[in-house]
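Chemist: File protein12.pdb follows (PDB, C-alpha atoms):
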ATOM      1  CA  MET A   1      32.059-141.017 -97.578
ATOM      2  CA  SER A   2      29.813-138.369 -96.047
ATOM      3  CA  SER A   3      28.012-135.969 -98.346
ATOM      4  CA  HIS A   4      29.519-132.677 -99.406
ATOM      5  CA  PRO A   5      27.870-129.776 -97.502
ATOM      6  CA  VAL A   6      26.511-128.404-100.785
ATOM      7  CA  THR A   7      24.043-131.289-100.827
ATOM      8  CA  GLN A   8      22.675-130.043 -97.501
ATOM      9  CA  LEU A   9      21.925-126.556 -98.807
ATOM     10  CA  ASP A  10      18.209-125.987 -99.281
ATOM     11  CA  ASP A  11      17.277-123.512-102.027
ATOM     12  CA  THR A  12      14.320-122.299 -99.958
ATOM     13  CA  VAL A  13      16.836-120.896 -97.470
ATOM     14  CA  HIS A  14      19.840-120.396 -99.750
ATOM     15  CA  GLN A  15      18.289-118.082-102.327
ATOM     16  CA  ARG A  16      20.018-114.695-101.901
ATOM     17  CA  VAL A  17      17.047-112.575-100.801
ATOM     18  CA  ARG A  18      15.532-115.280 -98.585
ATOM     19  CA  LEU A  19      18.861-115.841 -96.828
ATOM     20  CA  GLY A  20      18.890-112.095 -96.197
ATOM     21  CA  ILE A  21      15.351-112.118 -94.793
ATOM     22  CA  LEU A  22      16.033-115.091 -92.502
ATOM     23  CA  THR A  23      19.347-113.743 -91.168
ATOM     24  CA  ILE A  24      17.705-110.380 -90.383
ATOM     25  CA  LEU A  25      14.793-112.081 -88.621
ATOM     26  CA  ALA A  26      17.034-114.487 -86.691
ATOM     27  CA  THR A  27      19.172-111.571 -85.551
ATOM     28  CA  ALA A  28      16.457-108.996 -84.808
ATOM     29  CA  GLY A  29      13.648-111.346 -83.739
ATOM     30  CA  ARG A  30      11.153-109.692 -86.061
ATOM     31  CA  ALA A  31      11.003-107.020 -88.712
ATOM     32  CA  ASP A  32       8.257-105.186 -90.528
ATOM     33  CA  PHE A  33       7.585-105.420 -94.250
ATOM     34  CA  THR A  34       8.762-101.882 -94.997
ATOM     35  CA  TYR A  35      12.049-102.355 -93.162
ATOM     36  CA  LEU A  36      12.800-105.607 -95.022
ATOM     37  CA  ARG A  37      11.825-104.087 -98.363
ATOM     38  CA  ASP A  38      14.018-101.003 -97.908
ATOM     39  CA  THR A  39      16.986-102.791 -96.329
ATOM     40  CA  LEU A  40      17.116-105.487 -98.991
ATOM     41  CA  GLU A  41      16.349-102.989-101.796
ATOM     42  CA  LEU A  42      13.314-104.860-103.105
ATOM     43  CA  THR A  43       9.962-103.981-104.587
ATOM     44  CA  ASP A  44       6.782-104.786-102.650
ATOM     45  CA  GLY A  45       5.968-107.562-105.132
ATOM     46  CA  ASN A  46       9.397-109.143-104.991
ATOM     47  CA  LEU A  47       9.521-109.184-101.188
ATOM     48  CA  GLY A  48       5.948-110.508-101.105
ATOM     49  CA  ARG A  49       6.830-113.444-103.344
ATOM     50  CA  HIS A  50       9.864-114.393-101.231
ATOM     51  CA  LEU A  51       7.809-114.146 -98.028
ATOM     52  CA  ASP A  52       5.209-116.458 -99.604
ATOM     53  CA  VAL A  53       7.913-119.075-100.251
ATOM     54  CA  LEU A  54       9.182-118.817 -96.661
ATOM     55  CA  TYR A  55       5.639-118.908 -95.266
ATOM     56  CA  ASP A  56       4.727-121.975 -97.342
ATOM     57  CA  ALA A  57       7.841-123.732 -95.973
ATOM     58  CA  GLY A  58       6.741-122.868 -92.432
ATOM     59  CA  TYR A  59       9.809-120.697 -91.838
ATOM     60  CA  VAL A  60       8.105-117.353 -91.127
ATOM     61  CA  GLU A  61       4.875-116.042 -89.656
ATOM     62  CA  ILE A  62       3.206-112.930 -90.930
ATOM     63  CA  THR A  63       0.999-110.737 -88.760
ATOM     64  CA  LYS A  64      -0.952-107.754 -89.994
ATOM     65  CA  THR A  65      -1.651-105.097 -87.375
ATOM     66  CA  PHE A  66      -2.926-101.554 -87.317
ATOM     67  CA  GLU A  67      -1.110 -98.705 -85.645
ATOM     68  CA  GLY A  68      -3.829 -96.107 -85.468
ATOM     69  CA  ARG A  69      -5.199 -96.294 -88.994
ATOM     70  CA  ARG A  70      -1.911 -97.368 -90.604
ATOM     71  CA  PRO A  71      -1.604-101.051 -91.447
ATOM     72  CA  ARG A  72       1.694-102.658 -90.518
ATOM     73  CA  THR A  73       2.916-106.124 -91.458
ATOM     74  CA  TRP A  74       5.236-107.886 -89.045
ATOM     75  CA  VAL A  75       7.345-110.865 -90.064
ATOM     76  CA  THR A  76       8.808-113.262 -87.483
ATOM     77  CA  ILE A  77      10.941-116.362 -87.891
ATOM     78  CA  THR A  78       9.427-119.647 -86.669
ATOM     79  CA  LYS A  79      11.223-122.311 -84.683
ATOM     80  CA  GLY A  80      11.389-124.396 -87.884
ATOM     81  CA  GLY A  81      12.834-121.438 -89.750
ATOM     82  CA  ARG A  82      15.499-120.960 -87.117
ATOM     83  CA  THR A  83      16.419-124.663 -87.245
ATOM     84  CA  ALA A  84      16.624-124.587 -91.048
ATOM     85  CA  LEU A  85      18.772-121.445 -90.988
ATOM     86  CA  THR A  86      21.115-122.790 -88.302
ATOM     87  CA  GLY A  87      21.701-126.020 -90.262
ATOM     88  CA  HIS A  88      22.205-124.021 -93.429
ATOM     89  CA  ILE A  89      24.769-121.735 -91.816
ATOM     90  CA  ALA A  90      26.683-124.749 -90.485
ATOM     91  CA  ALA A  91      26.891-126.219 -94.008
ATOM     92  CA  LEU A  92      27.912-122.850 -95.465
ATOM     93  CA  ARG A  93      30.642-122.424 -92.860
ATOM     94  CA  GLN A  94      32.005-125.881 -93.661
ATOM     95  CA  MET A  95      32.337-124.808 -97.300
ATOM     96  CA  ILE A  96      33.711-121.304 -96.872
ATOM     97  CA  ASP A  97      36.017-121.973 -93.942
ATOM     98  CA  ALA A  98      38.058-124.301 -96.168
ATOM     99  CA  VAL A  99      38.768-121.527 -98.685
ATOM    100  CA  PRO A 100      42.124-119.793 -98.191
ATOM    101  CA  ASP A 101      41.980-115.989 -97.824
ATOM    102  CA  LYS A 102      44.055-115.385-100.922
TER     103      LYS A 102
ATOM    104  CA  MET E   1      23.521 -95.956 -94.985
ATOM    105  CA  SER E   2      25.694 -98.614 -96.562
ATOM    106  CA  SER E   3      24.015-101.414 -98.456
ATOM    107  CA  HIS E   4      22.996-104.647 -96.779
ATOM    108  CA  PRO E   5      25.447-107.443 -97.696
ATOM    109  CA  VAL E   6      22.646-109.327 -99.470
ATOM    110  CA  THR E   7      22.806-106.697-102.220
ATOM    111  CA  GLN E   8      26.449-107.673-102.806
ATOM    112  CA  LEU E   9      25.655-111.341-103.368
ATOM    113  CA  ASP E  10      25.980-112.321-107.018
ATOM    114  CA  ASP E  11      23.726-115.169-108.154
ATOM    115  CA  THR E  12      26.436-116.423-110.514
ATOM    116  CA  VAL E  13      28.511-117.285-107.430
ATOM    117  CA  HIS E  14      25.737-117.747-104.868
ATOM    118  CA  GLN E  15      23.751-120.499-106.585
ATOM    119  CA  ARG E  16      24.157-123.627-104.427
ATOM    120  CA  VAL E  17      26.018-125.882-106.889
ATOM    121  CA  ARG E  18      28.216-123.102-108.258
ATOM    122  CA  LEU E  19      29.217-122.005-104.751
ATOM    123  CA  GLY E  20      30.176-125.643-104.169
ATOM    124  CA  ILE E  21      32.244-125.805-107.367
ATOM    125  CA  LEU E  22      34.061-122.536-106.630
ATOM    126  CA  THR E  23      34.838-123.394-102.994
ATOM    127  CA  ILE E  24      36.238-126.782-104.063
ATOM    128  CA  LEU E  25      38.375-125.172-106.771
ATOM    129  CA  ALA E  26      39.586-122.352-104.507
ATOM    130  CA  THR E  27      40.556-124.913-101.872
ATOM    131  CA  ALA E  28      42.040-127.631-104.086
ATOM    132  CA  GLY E  29      43.426-125.439-106.890
ATOM    133  CA  ARG E  30      41.821-127.593-109.581
ATOM    134  CA  ALA E  31      39.522-130.559-109.902
ATOM    135  CA  ASP E  32      38.456-132.849-112.689
ATOM    136  CA  PHE E  33      34.939-133.108-114.060
ATOM    137  CA  THR E  34      34.305-136.577-112.638
ATOM    138  CA  TYR E  35      35.412-135.580-109.144
ATOM    139  CA  LEU E  36      33.138-132.510-109.139
ATOM    140  CA  ARG E  37      30.214-134.492-110.527
ATOM    141  CA  ASP E  38      30.518-137.269-107.939
ATOM    142  CA  THR E  39      31.311-135.025-104.949
ATOM    143  CA  LEU E  40      28.427-132.669-105.634
ATOM    144  CA  GLU E  41      26.086-135.526-106.618
ATOM    145  CA  LEU E  42      25.219-134.130-110.039
ATOM    146  CA  THR E  43      24.518-135.501-113.481
ATOM    147  CA  ASP E  44      26.953-134.779-116.331
ATOM    148  CA  GLY E  45      24.413-132.414-117.891
ATOM    149  CA  ASN E  46      23.742-130.505-114.708
ATOM    150  CA  LEU E  47      27.426-130.002-113.897
ATOM    151  CA  GLY E  48      28.092-129.042-117.515
ATOM    152  CA  ARG E  49      25.456-126.311-117.419
ATOM    153  CA  HIS E  50      26.821-124.822-114.179
ATOM    154  CA  LEU E  51      30.373-124.888-115.565
ATOM    155  CA  ASP E  52      29.131-123.047-118.666
ATOM    156  CA  VAL E  53      27.718-120.261-116.455
ATOM    157  CA  LEU E  54      30.997-119.985-114.531
ATOM    158  CA  TYR E  55      33.047-120.094-117.734
ATOM    159  CA  ASP E  56      30.916-117.377-119.370
ATOM    160  CA  ALA E  57      31.451-115.194-116.268
ATOM    161  CA  GLY E  58      35.218-115.733-116.585
ATOM    162  CA  TYR E  59      35.390-117.527-113.229
ATOM    163  CA  VAL E  60      36.739-120.917-114.373
ATOM    164  CA  GLU E  61      38.934-122.330-117.092
ATOM    165  CA  ILE E  62      38.326-125.730-118.603
ATOM    166  CA  THR E  63      41.087-127.855-120.099
ATOM    167  CA  LYS E  64      40.553-131.148-121.880
ATOM    168  CA  THR E  65      43.487-133.538-121.772
ATOM    169  CA  PHE E  66      44.129-137.156-122.587
ATOM    170  CA  GLU E  67      45.677-139.607-120.167
ATOM    171  CA  GLY E  68      46.649-142.405-122.499
ATOM    172  CA  ARG E  69      43.451-142.775-124.516
ATOM    173  CA  ARG E  70      41.119-141.560-121.734
ATOM    174  CA  PRO E  71      39.896-137.983-121.997
ATOM    175  CA  ARG E  72      40.015-135.982-118.816
ATOM    176  CA  THR E  73      38.522-132.540-118.187
ATOM    177  CA  TRP E  74      40.235-130.287-115.685
ATOM    178  CA  VAL E  75      38.545-127.263-114.160
ATOM    179  CA  THR E  76      40.561-124.469-112.541
ATOM    180  CA  ILE E  77      39.446-121.245-110.910
ATOM    181  CA  THR E  78      40.621-117.999-112.539
ATOM    182  CA  LYS E  79      41.936-114.948-110.712
ATOM    183  CA  GLY E  80      38.590-113.257-111.391
ATOM    184  CA  GLY E  81      36.758-116.256-109.976
ATOM    185  CA  ARG E  82      38.856-116.156-106.843
ATOM    186  CA  THR E  83      38.198-112.430-106.391
ATOM    187  CA  ALA E  84      34.448-112.920-106.880
ATOM    188  CA  LEU E  85      34.395-115.809-104.412
ATOM    189  CA  THR E  86      36.427-113.942-101.779
ATOM    190  CA  GLY E  87      34.096-110.929-101.946
ATOM    191  CA  HIS E  88      31.096-113.221-101.808
ATOM    192  CA  ILE E  89      32.380-115.038 -98.745
ATOM    193  CA  ALA E  90      33.024-111.710 -96.981
ATOM    194  CA  ALA E  91      29.394-110.654 -97.601
ATOM    195  CA  LEU E  92      28.093-114.065 -96.473
ATOM    196  CA  ARG E  93      30.135-113.919 -93.280
ATOM    197  CA  GLN E  94      28.764-110.467 -92.505
ATOM    198  CA  MET E  95      25.243-111.917 -92.733
ATOM    199  CA  ILE E  96      25.720-115.207 -90.900
ATOM    200  CA  ASP E  97      28.077-113.987 -88.188
ATOM    201  CA  ALA E  98      25.282-111.748 -86.851
ATOM    202  CA  VAL E  99      22.956-114.726 -86.324
ATOM    203  CA  PRO E 100      22.944-116.070 -82.759
ATOM    204  CA  ASP E 101      23.698-119.793 -82.390
ATOM    205  CA  LYS E 102      20.306-120.550 -80.893
TER     206      LYS E 102
END
I need this file expressed as structure tokens, please.
Modeler:
Amino acid sequence: MSSHPVTQLDDTVHQRVRLGILTILATAGRADFTYLRDTLELTDGNLGRHLDVLYDAGYVEITKTFEGRRPRTWVTITKGGRTALTGHIAALRQMIDAVPDK
Amino acid sequence: MSSHPVTQLDDTVHQRVRLGILTILATAGRADFTYLRDTLELTDGNLGRHLDVLYDAGYVEITKTFEGRRPRTWVTITKGGRTALTGHIAALRQMIDAVPDK
């Protein structure tokens, strides 16, 4: 018997906010810290902690730049992050596609 | 601006194992404790704790029966559980459908 897709879900990716971050990055290519924070309705500290988890897993890269004198933090998804997200989405689809609409 | 779907995800439903339990129950109608434990590769204690969370949220009902002298524990999804899961799946789809395949 093959494993249930739930056993393939990785909490690093699955956690609500981190799944949001990764889907935004995979869709948009990159996003800046302020955009992620405001879109996902987070505090600076909360977003920072989730980005640390994703960075430690090798799923995102973080680049600090200056635009004039204003610092700006860009977040991009890595190839490993994209692979992890794609596998995760496949497992999620397997689970949710089986559920009847009503 | 409407909220990002991530803000609609409820951790009671979203947590990996509980999403697995609810999708199985919504698909199969009901399942017994042993089936859930073995399919999701959990210990008795771990499954029990997740069922407690779902029960406290009003998302599952738990019925203990006897078949001959063997006790059997059935878990069914409630109407509220089905509503929560359906809304959750809609938010998840909104997030993952935007992600390109590659």
Chemist: Would you list the residues near (27.0, -112.2, -108.5) (no more than 10 Å away, in the coordinates of the file, using all atoms listed in the file) as a PyMOL selection string?
Modeler: (chain A and resi 16) or (chain E and resi 7-15+57+84-85+87-88)
Chemist: So how far away is CA of Leu36 (chain A) from CA of Thr78 (chain A), in Å?
Modeler: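 Pair CA of Thr78 (chain A) / CA of Leu36 (chain A) returns 16.7 Å.
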Chemist: Rank nothing, just name the residue among E:Tyr35, E:Glu41, E:Arg30, E:Thr73 nearest to chain A, using all atoms listed in the file.
Modeler: E:Glu41
Chemist: Identify every residue of chain A that has at least one atom within 6 Å of any atom of chain E, counting all atoms listed in the file, and report the result as a list in words.
Modeler: Val6, Gly20, Ala26, Thr27 and Val99 of chain A
Chemist: Grab the CA of Gly81 (chain A) to CA of Thr34 (chain A) distance for me, in Å with one decimal place.
Modeler: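 Interatomic distance here is 20.7 Å.
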Chemist: From (42.7, -123.6, -111.3), in the file's coordinates, out to 6 Å: which residues are reached, counting all atoms listed in the file? Answer as a count of residues only.
Modeler: 4
